[in-house]
$ cat run.cif   # mmCIF, C-alpha atoms and all ligand atoms
data_query
loop_
_atom_site.group_PDB
_atom_site.id
_atom_site.type_symbol
_atom_site.label_atom_id
_atom_site.label_comp_id
_atom_site.auth_asym_id
_atom_site.auth_seq_id
_atom_site.Cartn_x
_atom_site.Cartn_y
_atom_site.Cartn_z
ATOM 1 C CA MET A 1 -13.916 14.396 6.378
ATOM 2 C CA PRO A 2 -10.609 12.621 7.160
ATOM 3 C CA LYS A 3 -8.208 12.453 4.226
ATOM 4 C CA LYS A 4 -8.486 9.357 2.053
ATOM 5 C CA ILE A 5 -5.405 7.770 0.505
ATOM 6 C CA ILE A 6 -5.143 7.011 -3.191
ATOM 7 C CA ALA A 7 -1.934 5.199 -4.054
ATOM 8 C CA GLY A 8 -0.634 4.197 -7.484
ATOM 9 C CA ASN A 9 1.697 1.198 -7.627
ATOM 10 C CA TRP A 10 3.405 1.315 -11.036
ATOM 11 C CA LYS A 11 5.150 -2.049 -10.468
ATOM 12 C CA GLN A 12 7.872 -2.857 -13.056
ATOM 13 C CA ASN A 13 6.399 -0.741 -15.859
ATOM 14 C CA GLY A 14 7.337 2.241 -18.008
ATOM 15 C CA ASN A 15 10.597 3.986 -18.820
ATOM 16 C CA LEU A 16 12.191 7.265 -17.750
ATOM 17 C CA LYS A 17 10.277 9.356 -20.288
ATOM 18 C CA SER A 18 6.880 7.807 -19.580
ATOM 19 C CA SER A 19 7.435 7.963 -15.803
ATOM 20 C CA VAL A 20 8.244 11.693 -15.933
ATOM 21 C CA THR A 21 5.259 12.369 -18.225
ATOM 22 C CA LEU A 22 2.931 10.370 -15.972
ATOM 23 C CA THR A 23 4.134 12.199 -12.857
ATOM 24 C CA LYS A 24 3.817 15.653 -14.426
ATOM 25 C CA GLY A 25 0.374 14.858 -15.849
ATOM 26 C CA THR A 26 -0.856 13.513 -12.515
ATOM 27 C CA ILE A 27 0.460 16.491 -10.524
ATOM 28 C CA SER A 28 -1.044 19.132 -12.806
ATOM 29 C CA ALA A 29 -4.418 17.363 -12.931
ATOM 30 C CA LEU A 30 -4.469 17.070 -9.124
ATOM 31 C CA ALA A 31 -3.731 20.791 -8.844
ATOM 32 C CA ARG A 32 -6.602 21.615 -11.241
ATOM 33 C CA MET A 33 -9.120 19.502 -9.335
ATOM 34 C CA LYS A 34 -7.930 20.808 -5.916
ATOM 35 C CA CYS A 35 -7.655 17.239 -4.635
ATOM 36 C CA LYS A 36 -7.740 17.158 -0.816
ATOM 37 C CA HIS A 37 -6.775 13.516 -0.453
ATOM 38 C CA GLU A 38 -3.345 12.002 0.102
ATOM 39 C CA VAL A 39 -2.103 10.836 -3.293
ATOM 40 C CA ILE A 40 1.008 8.647 -3.424
ATOM 41 C CA ILE A 41 2.887 7.258 -6.408
ATOM 42 C CA PHE A 42 5.180 4.226 -6.289
ATOM 43 C CA PRO A 43 7.473 4.354 -9.351
ATOM 44 C CA PRO A 44 10.165 1.739 -10.054
ATOM 45 C CA SER A 45 13.178 2.399 -7.768
ATOM 46 C CA VAL A 46 15.510 3.596 -10.560
ATOM 47 C CA TYR A 47 13.134 6.466 -11.330
ATOM 48 C CA LEU A 48 12.786 7.687 -7.727
ATOM 49 C CA ILE A 49 15.524 10.325 -8.153
ATOM 50 C CA PRO A 50 14.163 12.083 -11.283
ATOM 51 C CA ILE A 51 10.611 11.839 -9.942
ATOM 52 C CA GLN A 52 11.576 13.134 -6.523
ATOM 53 C CA LYS A 53 12.609 16.373 -8.280
ATOM 54 C CA LEU A 54 9.084 16.753 -9.663
ATOM 55 C CA VAL A 55 6.946 15.928 -6.649
ATOM 56 C CA SER A 56 5.314 18.788 -4.818
ATOM 57 C CA LYS A 57 2.904 19.079 -1.921
ATOM 58 C CA LYS A 58 0.276 17.648 -4.273
ATOM 59 C CA ILE A 59 1.743 14.169 -4.298
ATOM 60 C CA LYS A 60 3.774 11.901 -2.032
ATOM 61 C CA LEU A 61 6.567 9.609 -3.158
ATOM 62 C CA GLY A 62 6.674 5.920 -2.321
ATOM 63 C CA SER A 63 9.123 3.073 -2.877
ATOM 64 C CA GLN A 64 7.892 -0.357 -3.967
ATOM 65 C CA ASN A 65 10.544 -2.111 -1.910
ATOM 66 C CA VAL A 66 13.259 -1.731 0.744
ATOM 67 C CA SER A 67 16.039 -3.892 2.119
ATOM 68 C CA ALA A 68 15.426 -5.794 5.365
ATOM 69 C CA TYR A 69 18.970 -4.830 6.415
ATOM 70 C CA ASP A 70 20.913 -1.729 7.386
ATOM 71 C CA ASP A 71 23.660 -0.592 4.987
ATOM 72 C CA GLY A 72 26.280 -3.231 4.252
ATOM 73 C CA ALA A 73 27.184 -6.079 1.896
ATOM 74 C CA PHE A 74 23.746 -6.731 0.381
ATOM 75 C CA THR A 75 24.272 -6.531 -3.375
ATOM 76 C CA GLY A 76 21.358 -5.037 -5.273
ATOM 77 C CA GLU A 77 19.440 -3.923 -2.199
ATOM 78 C CA ILE A 78 18.329 -0.374 -1.298
ATOM 79 C CA SER A 79 18.266 0.521 2.392
ATOM 80 C CA ALA A 80 15.634 2.508 4.261
ATOM 81 C CA SER A 81 18.216 5.202 5.056
ATOM 82 C CA MET A 82 18.897 5.575 1.292
ATOM 83 C CA LEU A 83 15.165 6.020 0.716
ATOM 84 C CA LYS A 84 15.102 8.596 3.501
ATOM 85 C CA ASP A 85 17.923 10.454 1.698
ATOM 86 C CA LEU A 86 15.591 10.760 -1.307
ATOM 87 C CA LYS A 87 12.766 12.059 0.907
ATOM 88 C CA VAL A 88 10.658 9.003 0.157
ATOM 89 C CA ASN A 89 7.515 9.244 2.288
ATOM 90 C CA TYR A 90 6.061 5.734 1.965
ATOM 91 C CA CYS A 91 7.151 2.170 1.191
ATOM 92 C CA LEU A 92 5.164 -0.926 0.254
ATOM 93 C CA VAL A 93 5.833 -4.120 2.212
ATOM 94 C CA GLY A 94 4.262 -7.555 1.807
ATOM 95 C CA HIS A 95 2.833 -7.039 -1.658
ATOM 96 C CA SER A 96 1.544 -10.381 -2.943
ATOM 97 C CA GLU A 97 3.913 -10.292 -5.908
ATOM 98 C CA ARG A 98 6.837 -10.112 -3.493
ATOM 99 C CA ARG A 99 5.338 -12.748 -1.178
ATOM 100 C CA HIS A 100 4.445 -15.197 -3.940
ATOM 101 C CA ILE A 101 6.813 -14.527 -6.878
ATOM 102 C CA ILE A 102 9.926 -13.349 -5.001
ATOM 103 C CA ASN A 103 9.101 -15.687 -2.062
ATOM 104 C CA GLU A 104 9.658 -13.116 0.665
ATOM 105 C CA THR A 105 9.170 -14.624 4.120
ATOM 106 C CA GLU A 106 7.385 -13.107 7.132
ATOM 107 C CA ARG A 107 10.858 -12.719 8.697
ATOM 108 C CA ALA A 108 12.112 -10.668 5.749
ATOM 109 C CA LEU A 109 8.938 -8.568 5.809
ATOM 110 C CA SER A 110 9.394 -7.937 9.504
ATOM 111 C CA GLY A 111 13.003 -6.746 8.917
ATOM 112 C CA LYS A 112 11.754 -4.326 6.257
ATOM 113 C CA VAL A 113 9.057 -2.957 8.569
ATOM 114 C CA THR A 114 11.595 -2.451 11.367
ATOM 115 C CA ARG A 115 14.046 -0.593 9.077
ATOM 116 C CA LEU A 116 11.229 1.667 7.850
ATOM 117 C CA PHE A 117 10.084 2.487 11.383
ATOM 118 C CA GLU A 118 13.692 3.317 12.298
ATOM 119 C CA ASN A 119 13.891 5.752 9.381
ATOM 120 C CA ASN A 120 10.445 7.241 9.890
ATOM 121 C CA ILE A 121 9.151 6.158 6.470
ATOM 122 C CA ARG A 122 5.455 5.308 6.394
ATOM 123 C CA ILE A 123 4.580 1.705 5.603
ATOM 124 C CA ILE A 124 1.766 0.363 3.453
ATOM 125 C CA TYR A 125 1.636 -3.279 4.475
ATOM 126 C CA CYS A 126 -0.251 -5.549 2.081
ATOM 127 C CA ILE A 127 -2.255 -8.543 3.214
ATOM 128 C CA GLY A 128 -4.559 -10.868 1.304
ATOM 129 C CA GLU A 129 -5.518 -14.429 0.500
ATOM 130 C CA THR A 130 -4.846 -16.491 -2.637
ATOM 131 C CA LEU A 131 -7.653 -17.822 -4.826
ATOM 132 C CA GLU A 132 -7.263 -21.274 -3.315
ATOM 133 C CA GLU A 133 -7.513 -19.862 0.208
ATOM 134 C CA TYR A 134 -10.528 -17.765 -0.804
ATOM 135 C CA LYS A 135 -12.279 -20.819 -2.258
ATOM 136 C CA GLY A 136 -11.421 -22.787 0.891
ATOM 137 C CA ARG A 137 -13.045 -20.044 3.015
ATOM 138 C CA LYS A 138 -9.732 -19.369 4.747
ATOM 139 C CA THR A 139 -9.633 -15.606 4.102
ATOM 140 C CA LYS A 140 -10.107 -14.501 7.707
ATOM 141 C CA THR A 141 -7.616 -17.054 9.072
ATOM 142 C CA ILE A 142 -4.992 -15.879 6.570
ATOM 143 C CA LEU A 143 -5.607 -12.200 7.305
ATOM 144 C CA ARG A 144 -5.568 -12.775 11.075
ATOM 145 C CA ASN A 145 -2.236 -14.641 10.798
ATOM 146 C CA GLN A 146 -0.705 -11.945 8.577
ATOM 147 C CA ILE A 147 -1.834 -9.132 10.903
ATOM 148 C CA ASN A 148 -0.765 -10.956 14.088
ATOM 149 C CA SER A 149 2.652 -11.785 12.644
ATOM 150 C CA LEU A 150 3.192 -8.144 11.649
ATOM 151 C CA ILE A 151 2.138 -6.868 15.075
ATOM 152 C CA LYS A 152 3.985 -9.514 17.100
ATOM 153 C CA GLN A 153 7.301 -8.717 15.439
ATOM 154 C CA ASN A 154 6.939 -4.917 15.573
ATOM 155 C CA LYS A 155 4.970 -4.278 18.749
ATOM 156 C CA GLY A 156 7.273 -1.630 20.246
ATOM 157 C CA ASN A 157 7.527 0.468 17.088
ATOM 158 C CA LEU A 158 3.843 0.109 16.326
ATOM 159 C CA LYS A 159 2.774 1.238 19.778
ATOM 160 C CA LYS A 160 4.991 4.310 19.480
ATOM 161 C CA HIS A 161 4.063 5.201 15.895
ATOM 162 C CA PRO A 162 0.775 3.489 14.925
ATOM 163 C CA LYS A 163 0.135 6.212 12.319
ATOM 164 C CA ASN A 164 3.247 5.107 10.393
ATOM 165 C CA LEU A 165 1.406 1.945 9.387
ATOM 166 C CA THR A 166 -1.372 1.592 6.824
ATOM 167 C CA LEU A 167 -2.783 -1.804 5.855
ATOM 168 C CA ALA A 168 -3.823 -2.655 2.305
ATOM 169 C CA TYR A 169 -6.195 -5.562 1.777
ATOM 170 C CA GLU A 170 -5.355 -6.963 -1.649
ATOM 171 C CA PRO A 171 -6.920 -10.342 -2.400
ATOM 172 C CA VAL A 172 -4.330 -12.057 -4.623
ATOM 173 C CA TRP A 173 -7.075 -13.305 -6.950
ATOM 174 C CA ALA A 174 -8.290 -9.736 -7.565
ATOM 175 C CA ILE A 175 -4.925 -8.326 -8.656
ATOM 176 C CA GLY A 176 -4.812 -7.673 -12.391
ATOM 177 C CA THR A 177 -7.729 -10.026 -13.054
ATOM 178 C CA GLY A 178 -10.696 -7.655 -13.348
ATOM 179 C CA LEU A 179 -12.291 -9.487 -10.411
ATOM 180 C CA VAL A 180 -13.273 -7.684 -7.220
ATOM 181 C CA PRO A 181 -14.941 -9.013 -4.057
ATOM 182 C CA SER A 182 -18.660 -8.298 -3.714
ATOM 183 C CA MET A 183 -19.661 -5.300 -1.613
ATOM 184 C CA SER A 184 -20.946 -7.595 1.147
ATOM 185 C CA GLU A 185 -17.671 -9.564 1.166
ATOM 186 C CA LEU A 186 -15.688 -6.334 1.391
ATOM 187 C CA SER A 187 -17.838 -4.957 4.160
ATOM 188 C CA ASP A 188 -17.419 -8.199 6.140
ATOM 189 C CA ILE A 189 -13.631 -8.282 5.586
ATOM 190 C CA PHE A 190 -13.047 -4.614 6.431
ATOM 191 C CA SER A 191 -15.061 -4.949 9.668
ATOM 192 C CA PHE A 192 -13.034 -8.062 10.446
ATOM 193 C CA ILE A 193 -9.683 -6.305 9.870
ATOM 194 C CA ARG A 194 -10.760 -3.317 11.954
ATOM 195 C CA SER A 195 -11.971 -5.503 14.837
ATOM 196 C CA THR A 196 -8.818 -7.679 14.675
ATOM 197 C CA LEU A 197 -6.682 -4.544 15.078
ATOM 198 C CA ASN A 198 -8.860 -3.171 17.880
ATOM 199 C CA LYS A 199 -8.773 -6.489 19.734
ATOM 200 C CA VAL A 200 -4.972 -6.409 19.871
ATOM 201 C CA ASP A 201 -4.785 -2.838 21.174
ATOM 202 C CA SER A 202 -7.057 0.184 21.043
ATOM 203 C CA CYS A 203 -4.061 2.317 19.951
ATOM 204 C CA TYR A 204 -4.283 0.600 16.548
ATOM 205 C CA SER A 205 -7.648 2.215 15.825
ATOM 206 C CA SER A 206 -5.838 5.000 13.907
ATOM 207 C CA ILE A 207 -4.362 2.547 11.379
ATOM 208 C CA LYS A 208 -5.880 3.185 7.963
ATOM 209 C CA ILE A 209 -7.049 0.313 5.738
ATOM 210 C CA LEU A 210 -6.934 0.456 1.932
ATOM 211 C CA TYR A 211 -8.326 -1.849 -0.722
ATOM 212 C CA GLY A 212 -6.374 -2.966 -3.807
ATOM 213 C CA GLY A 213 -7.182 -5.286 -6.707
ATOM 214 C CA SER A 214 -8.630 -4.332 -10.120
ATOM 215 C CA VAL A 215 -9.636 -0.820 -9.046
ATOM 216 C CA THR A 216 -10.862 1.266 -12.010
ATOM 217 C CA PRO A 217 -12.586 4.637 -12.463
ATOM 218 C CA ASP A 218 -15.830 2.653 -12.875
ATOM 219 C CA ASN A 219 -15.757 0.798 -9.556
ATOM 220 C CA ALA A 220 -13.762 3.200 -7.302
ATOM 221 C CA ALA A 221 -16.704 5.209 -5.961
ATOM 222 C CA GLU A 222 -18.728 2.082 -5.176
ATOM 223 C CA LEU A 223 -15.754 0.386 -3.475
ATOM 224 C CA MET A 224 -15.181 3.464 -1.316
ATOM 225 C CA LYS A 225 -18.688 3.118 0.163
ATOM 226 C CA THR A 226 -17.334 0.194 2.217
ATOM 227 C CA ASN A 227 -17.295 0.901 5.938
ATOM 228 C CA HIS A 228 -13.779 1.315 7.412
ATOM 229 C CA MET A 229 -12.209 1.696 3.937
ATOM 230 C CA ASP A 230 -9.738 4.585 3.990
ATOM 231 C CA GLY A 231 -8.546 4.526 0.411
ATOM 232 C CA LEU A 232 -7.372 2.571 -2.604
ATOM 233 C CA LEU A 233 -4.130 0.988 -3.814
ATOM 234 C CA VAL A 234 -4.303 1.063 -7.585
ATOM 235 C CA GLY A 235 -2.123 -0.989 -9.961
ATOM 236 C CA GLY A 236 -2.796 -1.045 -13.714
ATOM 237 C CA ALA A 237 -5.116 1.974 -13.732
ATOM 238 C CA SER A 238 -2.435 4.157 -12.105
ATOM 239 C CA LEU A 239 -0.276 3.842 -15.240
ATOM 240 C CA ILE A 240 -2.697 5.981 -17.223
ATOM 241 C CA SER A 241 -2.863 9.498 -15.868
ATOM 242 C CA LYS A 242 -6.517 10.048 -16.891
ATOM 243 C CA LYS A 243 -7.684 6.815 -15.239
ATOM 244 C CA PHE A 244 -5.772 7.531 -12.022
ATOM 245 C CA ILE A 245 -7.115 11.088 -11.894
ATOM 246 C CA ASP A 246 -10.641 9.871 -12.574
ATOM 247 C CA ILE A 247 -10.278 7.524 -9.600
ATOM 248 C CA CYS A 248 -9.048 10.411 -7.405
ATOM 249 C CA SER A 249 -11.897 12.640 -8.537
ATOM 250 C CA THR A 250 -14.644 10.076 -7.854
ATOM 251 C CA ILE A 251 -13.712 9.877 -4.180
HETATM 252 P P1 LIG A 301 -4.328 -3.939 -10.185
HETATM 253 O O1 LIG A 301 -5.031 -2.651 -9.829
HETATM 254 O O2 LIG A 301 -3.636 -3.909 -11.511
HETATM 255 O O3 LIG A 301 -5.235 -5.112 -10.012
HETATM 256 O O4 LIG A 301 -3.143 -4.138 -9.120
HETATM 257 C C1 LIG A 301 -3.405 -3.972 -7.773
HETATM 258 C C2 LIG A 301 -2.132 -3.964 -7.031
HETATM 259 O O5 LIG A 301 -1.429 -4.963 -6.975
HETATM 260 C C3 LIG A 301 -1.728 -2.716 -6.375
HETATM 261 O O6 LIG A 301 -0.647 -2.903 -5.506
#

$ encode --input "run.cif" --output "structure tokens"
Amino acid sequence: MPKKIIAGNWKQNGNLKSSVTLTKGTISALARMKCKHEVIIFPPSVYLIPIQKLVSKKIKLGSQNVSAYDDGAFTGEISASMLKDLKVNYCLVGHSERRHIINETERALSGKVTRLFENNIRIIYCIGETLEEYKGRKTKTILRNQINSLIKQNKGNLKKHPKNLTLAYEPVWAIGTGLVPSMSELSDIFSFIRSTLNKVDSCYSSIKILYGGSVTPDNAAELMKTNHMDGLLVGGASLISKKFIDICSTI
């Protein structure tokens, strides 16, 4: 069975002590259960250095953000080459909180993707519709536009390294709300995403697709029955080691 991905996005939560405890607890539990899947944690940027010292083969390290620019006068930003220095394996781009709260544009997202490709850091690119768009039955139009924009602006890199990209479908209305799409909605959307990628180029068939939004130990196994779903991007439940491990063990 191909490896599934289980990723924990800690967002802006915790402190140094709790982040170290959470990492250690997660790593030792994964070792005990002989987890065969790819498990990635995304701590806040300031904790990447102490956590990088703890990570082993059992777990991959991800950054929640990256600068759209190469090194230079960009106060407060962290470049892809700096992340590479820390042996960061993955980076999130396009998360709805960055699109809608920080107001990141498609152009900024494209710059981030390019910098990550240049530094050989794997990208988890988030896409998803708002509640208003969902109610207006615009989900597929939004997803198609987000995917096409990503591909159009990064065609060369994507063709060379399609495996460096993973998509994460995260409906904005499902994030932190306890709401999840129905199984038939998810099945329809995942088939749509897969066929949209295949229509652009058959070389994109290797791109994995994750689901994120109110994933818990109780719904993870059911969600993973969805066709074309290659893993989960977990928010709140990844902050509690037992819950995150329970999610990993149900898959
Ligand atoms: P929740 O699992 O808390 O809904 O968050 C999902 C998410 O945004 C992961 O990136």

$ closest_residue --input "run.cif" --among "A:Lys53, A:Lys17, A:Lys135, A:Arg98" --to "ligand LIG 301 (chain A)" --atoms "all atoms listed in the file"
A:Arg98

$ residues_near_ligand --input "run.cif" --ligand "ligand LIG 301 (chain A)" --cutoff "10 Å" --atoms "all atoms listed in the file" --output "PyMOL selection string"
chain A and resi 7-11+42+64+92+94-97+124+126+168-180+211-216+232-239

$ write_last_selection --input "run.cif" --atoms "C-alpha atoms" --output "PDB file, keeping the file's coordinate frame"
ATOM      1  CA  ALA A   7      -1.934   5.199  -4.054  1.00  0.00           C
ATOM      2  CA  GLY A   8      -0.634   4.197  -7.484  1.00  0.00           C
ATOM      3  CA  ASN A   9       1.697   1.198  -7.627  1.00  0.00           C
ATOM      4  CA  TRP A  10       3.405   1.315 -11.036  1.00  0.00           C
ATOM      5  CA  LYS A  11       5.150  -2.049 -10.468  1.00  0.00           C
ATOM      6  CA  PHE A  42       5.180   4.226  -6.289  1.00  0.00           C
ATOM      7  CA  GLN A  64       7.892  -0.357  -3.967  1.00  0.00           C
ATOM      8  CA  LEU A  92       5.164  -0.926   0.254  1.00  0.00           C
ATOM      9  CA  GLY A  94       4.262  -7.555   1.807  1.00  0.00           C
ATOM     10  CA  HIS A  95       2.833  -7.039  -1.658  1.00  0.00           C
ATOM     11  CA  SER A  96       1.544 -10.381  -2.943  1.00  0.00           C
ATOM     12  CA  GLU A  97       3.913 -10.292  -5.908  1.00  0.00           C
ATOM     13  CA  ILE A 124       1.766   0.363   3.453  1.00  0.00           C
ATOM     14  CA  CYS A 126      -0.251  -5.549   2.081  1.00  0.00           C
ATOM     15  CA  ALA A 168      -3.823  -2.655   2.305  1.00  0.00           C
ATOM     16  CA  TYR A 169      -6.195  -5.562   1.777  1.00  0.00           C
ATOM     17  CA  GLU A 170      -5.355  -6.963  -1.649  1.00  0.00           C
ATOM     18  CA  PRO A 171      -6.920 -10.342  -2.400  1.00  0.00           C
ATOM     19  CA  VAL A 172      -4.330 -12.057  -4.623  1.00  0.00           C
ATOM     20  CA  TRP A 173      -7.075 -13.305  -6.950  1.00  0.00           C
ATOM     21  CA  ALA A 174      -8.290  -9.736  -7.565  1.00  0.00           C
ATOM     22  CA  ILE A 175      -4.925  -8.326  -8.656  1.00  0.00           C
ATOM     23  CA  GLY A 176      -4.812  -7.673 -12.391  1.00  0.00           C
ATOM     24  CA  THR A 177      -7.729 -10.026 -13.054  1.00  0.00           C
ATOM     25  CA  GLY A 178     -10.696  -7.655 -13.348  1.00  0.00           C
ATOM     26  CA  LEU A 179     -12.291  -9.487 -10.411  1.00  0.00           C
ATOM     27  CA  VAL A 180     -13.273  -7.684  -7.220  1.00  0.00           C
ATOM     28  CA  TYR A 211      -8.326  -1.849  -0.722  1.00  0.00           C
ATOM     29  CA  GLY A 212      -6.374  -2.966  -3.807  1.00  0.00           C
ATOM     30  CA  GLY A 213      -7.182  -5.286  -6.707  1.00  0.00           C
ATOM     31  CA  SER A 214      -8.630  -4.332 -10.120  1.00  0.00           C
ATOM     32  CA  VAL A 215      -9.636  -0.820  -9.046  1.00  0.00           C
ATOM     33  CA  THR A 216     -10.862   1.266 -12.010  1.00  0.00           C
ATOM     34  CA  LEU A 232      -7.372   2.571  -2.604  1.00  0.00           C
ATOM     35  CA  LEU A 233      -4.130   0.988  -3.814  1.00  0.00           C
ATOM     36  CA  VAL A 234      -4.303   1.063  -7.585  1.00  0.00           C
ATOM     37  CA  GLY A 235      -2.123  -0.989  -9.961  1.00  0.00           C
ATOM     38  CA  GLY A 236      -2.796  -1.045 -13.714  1.00  0.00           C
ATOM     39  CA  ALA A 237      -5.116   1.974 -13.732  1.00  0.00           C
ATOM     40  CA  SER A 238      -2.435   4.157 -12.105  1.00  0.00           C
ATOM     41  CA  LEU A 239      -0.276   3.842 -15.240  1.00  0.00           C
TER      42      LEU A 239
END

$ resolve_selection --input "run.cif" --expression "the PyMOL selection byres (((chain A and resi 119) around 8) and not hetatm)" --output "short mmCIF file (atom, residue, chain, number, x, y, z; two decimals) with C-alpha atoms, in the frame of the given file"
data_model
loop_
_atom_site.label_atom_id
_atom_site.label_comp_id
_atom_site.auth_asym_id
_atom_site.auth_seq_id
_atom_site.Cartn_x
_atom_site.Cartn_y
_atom_site.Cartn_z
CA ALA A 80 15.63 2.51 4.26
CA SER A 81 18.22 5.20 5.06
CA LYS A 84 15.10 8.60 3.50
CA ARG A 115 14.05 -0.59 9.08
CA LEU A 116 11.23 1.67 7.85
CA PHE A 117 10.08 2.49 11.38
CA GLU A 118 13.69 3.32 12.30
CA ASN A 120 10.44 7.24 9.89
CA ILE A 121 9.15 6.16 6.47
#

$ resolve_selection --input "run.cif" --expression "the PyMOL selection byres (((chain A and resi 43) around 9) and not hetatm)" --output "MDAnalysis selection string"
chainID A and resid 8:14 19 41:42 44:48 51 61:64

$ resolve_selection --input "run.cif" --expression "the PyMOL selection byres (((chain A and resi 200) around 12) and not hetatm)" --output "VMD selection string"
chain A and resid 144 147 to 152 155 158 to 159 193 to 199 201 to 205

$ residues_near_point --input "run.cif" --point "(-25.0, -6.0, -0.5)" --cutoff "12 Å" --atoms "all atoms listed in the file" --output "ChimeraX atom specification"
/A:181-188,222-223,225-226

$ closest_residue --input "run.cif" --among "A:Lys112, A:Lys36, A:Lys160, A:Lys60" --to "A:Leu86" --atoms "all atoms listed in the file"
A:Lys60

$ closest_residue --input "run.cif" --among "A:Glu38, A:Cys248, A:Ser79, A:Lys243" --to "A:Ala221" --atoms "only C-alpha atoms"
A:Cys248

$ residues_near_point --input "run.cif" --point "(-8.8, 1.3, 2.2)" --cutoff "6 Å" --atoms "only C-alpha atoms" --output "MDAnalysis selection string"
chainID A and resid 209:211 229:232

$ closest_residue --input "run.cif" --among "A:Ile102, A:Ile78, A:Ala31, A:Ile123" --to "A:Ile245" --atoms "only C-alpha atoms"
A:Ala31

$ atom_distance --input "run.cif" --atom1 "atom CA of A:Pro2" --atom2 "atom CA of A:Phe192"
21.1 Å

$ atom_distance --input "run.cif" --atom1 "atom CA of A:Asn15" --atom2 "atom CA of A:Ser67"
23.0 Å

$ closest_residue --input "run.cif" --among "A:Asn227, A:Thr75, A:Ser241, A:Gln146" --to "A:Leu167" --atoms "all atoms listed in the file"
A:Gln146

$ atom_distance --input "run.cif" --atom1 "atom CA of A:Ala68" --atom2 "atom CA of A:Leu83"
12.7 Å

$ residues_around --input "run.cif" --residues "A:Arg32" --least-positions-apart "4" --cutoff "12 Å" --atoms "all atoms listed in the file" --output "short mmCIF file (atom, residue, chain, number, x, y, z; two decimals) with C-alpha atoms, in the frame of the given file"
data_model
loop_
_atom_site.label_atom_id
_atom_site.label_comp_id
_atom_site.auth_asym_id
_atom_site.auth_seq_id
_atom_site.Cartn_x
_atom_site.Cartn_y
_atom_site.Cartn_z
CA GLY A 25 0.37 14.86 -15.85
CA THR A 26 -0.86 13.51 -12.52
CA ILE A 27 0.46 16.49 -10.52
CA SER A 28 -1.04 19.13 -12.81
CA LYS A 36 -7.74 17.16 -0.82
CA LYS A 58 0.28 17.65 -4.27
CA ILE A 245 -7.12 11.09 -11.89
CA SER A 249 -11.90 12.64 -8.54
#

$ axis_aligned_box --input "run.cif" --around "stretch 103-108 of chain A" --padding-each-side "3 Å" --output "lines of an AutoDock Vina configuration file"
center_x = 9.7
center_y = -13.2
center_z = 3.3
size_x = 10.7
size_y = 11.0
size_z = 16.8

$ closest_residue --input "run.cif" --among "A:Leu131, A:Cys91, A:Ile251, A:Leu165" --to "A:Ala220" --atoms "all atoms listed in the file"
A:Ile251

$ build_atoms --input "run.cif" --residues "stretch 45-54 of chain A" --atoms "N, CA, C and O atoms" --output "mmCIF file, keeping the file's coordinate frame"
data_model
loop_
_atom_site.group_PDB
_atom_site.id
_atom_site.type_symbol
_atom_site.label_atom_id
_atom_site.label_comp_id
_atom_site.auth_asym_id
_atom_site.auth_seq_id
_atom_site.Cartn_x
_atom_site.Cartn_y
_atom_site.Cartn_z
ATOM 1 N N SER A 45 12.119 1.766 -8.584
ATOM 2 C CA SER A 45 13.178 2.399 -7.768
ATOM 3 C C SER A 45 14.135 3.270 -8.576
ATOM 4 O O SER A 45 14.546 4.339 -8.116
ATOM 5 N N VAL A 46 14.509 2.830 -9.795
ATOM 6 C CA VAL A 46 15.510 3.596 -10.560
ATOM 7 C C VAL A 46 14.986 4.963 -10.987
ATOM 8 O O VAL A 46 15.775 5.830 -11.357
ATOM 9 N N TYR A 47 13.691 5.164 -10.934
ATOM 10 C CA TYR A 47 13.134 6.466 -11.330
ATOM 11 C C TYR A 47 12.789 7.347 -10.122
ATOM 12 O O TYR A 47 12.229 8.428 -10.277
ATOM 13 N N LEU A 48 13.124 6.887 -8.910
ATOM 14 C CA LEU A 48 12.786 7.687 -7.727
ATOM 15 C C LEU A 48 13.503 9.046 -7.758
ATOM 16 O O LEU A 48 12.920 10.073 -7.408
ATOM 17 N N ILE A 49 14.769 9.052 -8.187
ATOM 18 C CA ILE A 49 15.524 10.325 -8.153
ATOM 19 C C ILE A 49 14.923 11.354 -9.118
ATOM 20 O O ILE A 49 14.566 12.456 -8.687
ATOM 21 N N PRO A 50 14.756 11.039 -10.421
ATOM 22 C CA PRO A 50 14.163 12.083 -11.283
ATOM 23 C C PRO A 50 12.745 12.461 -10.850
ATOM 24 O O PRO A 50 12.354 13.627 -10.960
ATOM 25 N N ILE A 51 11.996 11.513 -10.318
ATOM 26 C CA ILE A 51 10.611 11.839 -9.942
ATOM 27 C C ILE A 51 10.584 12.659 -8.652
ATOM 28 O O ILE A 51 9.753 13.552 -8.492
ATOM 29 N N GLN A 52 11.526 12.375 -7.773
ATOM 30 C CA GLN A 52 11.576 13.134 -6.523
ATOM 31 C C GLN A 52 11.724 14.635 -6.818
ATOM 32 O O GLN A 52 11.203 15.473 -6.097
ATOM 33 N N LYS A 53 12.408 14.952 -7.932
ATOM 34 C CA LYS A 53 12.609 16.373 -8.280
ATOM 35 C C LYS A 53 11.301 17.022 -8.739
ATOM 36 O O LYS A 53 11.185 18.244 -8.775
ATOM 37 N N LEU A 54 10.346 16.206 -9.135
ATOM 38 C CA LEU A 54 9.084 16.753 -9.663
ATOM 39 C C LEU A 54 7.998 16.850 -8.605
ATOM 40 O O LEU A 54 7.081 17.651 -8.727
#
